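Enquirer: Here you go, one structure.
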Amino acid sequence: MDIALITQLKILKLSDTKSNFSELSRIYGIDRRTIKKYYDGYEGKPEHHNKPSTLDKHKDLIKNKLAIKGSTAKAVYEFILSEVDTDIGTYSNFTKYIKANDLQPRKNVKGHPRYETAPGIQAQVDWKEDVSIANKFGEIFTFQVFDYKLGHSRYCHFTYKLYKTRQDVFDCLIASFIATGGVPKEILFDNMASVVDLKCNHRHINDKMRAFAKDFNFKIKLCKPRHPYTKGKPVSIQVTPDKLFIYYNMEIIAEHHLSSKRLNYQKEHYKNLLSYCVDDVNTVAEMAEDNLRQMDDFL
């Protein structure tokens with residue numbers, strides 16, 4: 001409603017002057033009946049309706065149930081709907097009521113302390129799975145990257161493998177030990193299937209992995225699944241088509257170039273290249289195998 005009209009109506013009423021509602025209607029472009037309603041004391045619709053909710057009678061019950069550790073809004077809703085009151089409305093209105101009345105207890109989120117280790121004490125390993133790159137002919141090659149990180153310096157050593165078998169893990173660890181000049185006292189592992197066996201919902205280090213660790217004199221430590229903070233050192237990896245970027249606490253600490261020269265020479269691909277200059281199919285196959293064998297020895 002126009003403030004000027006409201007003010008004029010108040011003046012007319014206080015001065016006890018007869019009001020011409022039709023004239024006011026022409027001036028302000030408002031129906032005369034609406035103007036008369038405001039003249040008689042109408043103040044407009046309230047901004048907020050204090051309409052009681054059907055859930056008000058269950059407010060204490062909802063609050064007490066939500067305070068139980070592990071309970072959810074959905075569980076409380078289903079409990080009240082089936083055991084207490086079948087006429088409590090929809091689940092969406094139920095959650096809105098909880099939010100509007102601040103019935104959900106606030107979670108006490110505790111920080112997770114980071115810790116450092118001295119040189120030579122700790123390393124942690126993980127797989128960067130299914131990294132894909134394309135050669136100049138558009139062929140896609142997928143491989144696995146074994147990430148070996150030293151706990152003190154955050155130095156990373158990467159080993160590329162086609163698979164993630166137990167033997168691949170052994171080969172990658174040996175290559176990492178050689179590259180970093182030694183074996184740490186302990187190595188942190190995630191829930192790798194090649195390292196851990198699950199028996200009756202309990203994790204056990206498999207015998208071959210335990211024997212390997214004993215031979216190289218290091219201790220195996222398992223991280224808690226889906227709890228990355230148990231590692232105590234936040235290091236993440238970002239992969240691009242030709243590079244690996246390693247971050248620590250949101251800062252880049254290393255950049256590693258991916259080499260694809262070996263991947264560009266698959267047997268079928270190489271045979272196809274040779275077929276352009278050699279007519280005999282058997283000769284092409286023999287040349288491809290012989291050349292690839294020599295390249296493997298060289299690379």
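Letters for chains follow the order of the structure tokens (A, B, ...), residue numbers begin at 1 for each chain, and ligand numbers begin at 1 in the order shown.
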Please report as a tab-separated table every residue of segment 86-194 of chain A lying within 8 Å of segment 208-220 of chain A, along with the nearest atom pair and their distance in Å (one decimal), using only C-alpha atoms.
Expert:
residue	atom	partner	partner_atom	distance
A:Arg166	CA	A:Met209	CA	8.0
A:Phe170	CA	A:Phe212	CA	7.8
A:Val183	CA	A:Phe218	CA	7.0
A:Pro184	CA	A:Phe218	CA	6.4
A:Lys185	CA	A:Phe218	CA	4.8
A:Glu186	CA	A:Lys219	CA	4.4
A:Ile187	CA	A:Ile220	CA	5.4
A:Leu188	CA	A:Ile220	CA	6.3
A:Phe189	CA	A:Ile220	CA	7.2
Enquirer: Give me the residues within 10 Å of Gln8 of chain A as a list in words, counting only C-alpha atoms and dropping any in the same chain fewer than 4 places off.
Expert: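 Once the nearby chain positions are removed, what remains is Ile3, Ala4, Leu12, Lys13, Leu14, Ser19, Leu24 and Tyr39 of chain A.
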Enquirer: Please run DSSP on the backbone and report, as number ranges by chain, all residues within segment 54-232 of chain A that come out as alpha helix (DSSP H).
Expert: A: 59-66, 73-79, 91-100, 166-180, 207-216
Enquirer: Measure the distance from atom CA of Lys18 of chain A to atom CA of Tyr42 of chain A in Å and round it to one decimal.
Expert: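 Atom CA of Lys18 of chain A sits 18.2 Å away from atom CA of Tyr42 of chain A.
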Enquirer: For each of A:Ile178, A:Leu55, A:Leu150, A:Ile140, take the minimum atom-to-atom distance to Thr86 of chain A, counting only C-alpha atoms, then give the residue where this is smallest.
Expert: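 Comparing A:Ile178, A:Leu55, A:Leu150, A:Ile140 against Thr86 of chain A, the winner is A:Leu55.
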Enquirer: Determine the nearest neighbour of Asp126 of chain A from the options A:Val76, A:Cys223, A:Leu103, A:Ile62, counting only C-alpha atoms.
Expert: A:Cys223
Enquirer: Measuring between only C-alpha atoms, which one of A:Leu81, A:Phe21, A:Ala134, A:Pro52 shows the shortest distance to Lys37 of chain A?
Expert: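 Among A:Leu81, A:Phe21, A:Ala134, A:Pro52, it is A:Phe21 that comes nearest to Lys37 of chain A.
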Enquirer: With only C-alpha atoms as the counted atoms, please give the residues lying no more than 10 Å from segment 92-101 of chain A, apart from itself and same-chain residues fewer than 3 positions off, as a list in words.
Expert: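 Non-adjacent residues within range: Ser53, Thr54, Leu55, Asp56, Lys59, Ile62, Lys63, Leu66, Ala73, Lys74, Val76, Tyr77, Ile88, Gly89 and Gln104 of chain A.
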Enquirer: Would you pick out the contacts of Glu129 of chain A at 9 Å or less, using only C-alpha atoms, so that residues sharing its chain but fewer than 4 positions from it are not included, and give the list as a list in words?
Expert: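 Everything that qualifies: Thr142, Phe143, Gln144, Val145, Phe146 and Lys164 of chain A.
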Enquirer: How many Å lie between atom CA of Glu286 of chain A and atom CA of Gly138 of chain A, rounded to one decimal?
Expert: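 Value for the atom CA of Glu286 of chain A-atom CA of Gly138 of chain A distance: 25.3 Å.
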Enquirer: When you look at Ala175 of chain A with a cut-off of 9 Å (counting only C-alpha atoms), what residues show up, excluding the ones that are within fewer than 4 positions of it in the same chain? I need them as number ranges by chain.
Expert: A: 157, 159, 170-171, 179-180
Enquirer: Between A:Thr17, A:Lys57, A:His202, A:Lys69, single out the one closest to Asp85 of chain A, counting only C-alpha atoms.
Expert: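 Selected residue with least distance to Asp85 of chain A: A:Lys57.
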Enquirer: Which residue is closest to Gly41 of chain A? Choose from A:Ala118, A:Asp190, A:Ile6, A:Asp207 and count only C-alpha atoms.
Expert: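 Ranking A:Ala118, A:Asp190, A:Ile6, A:Asp207 by distance to Gly41 of chain A, first place goes to A:Ile6.
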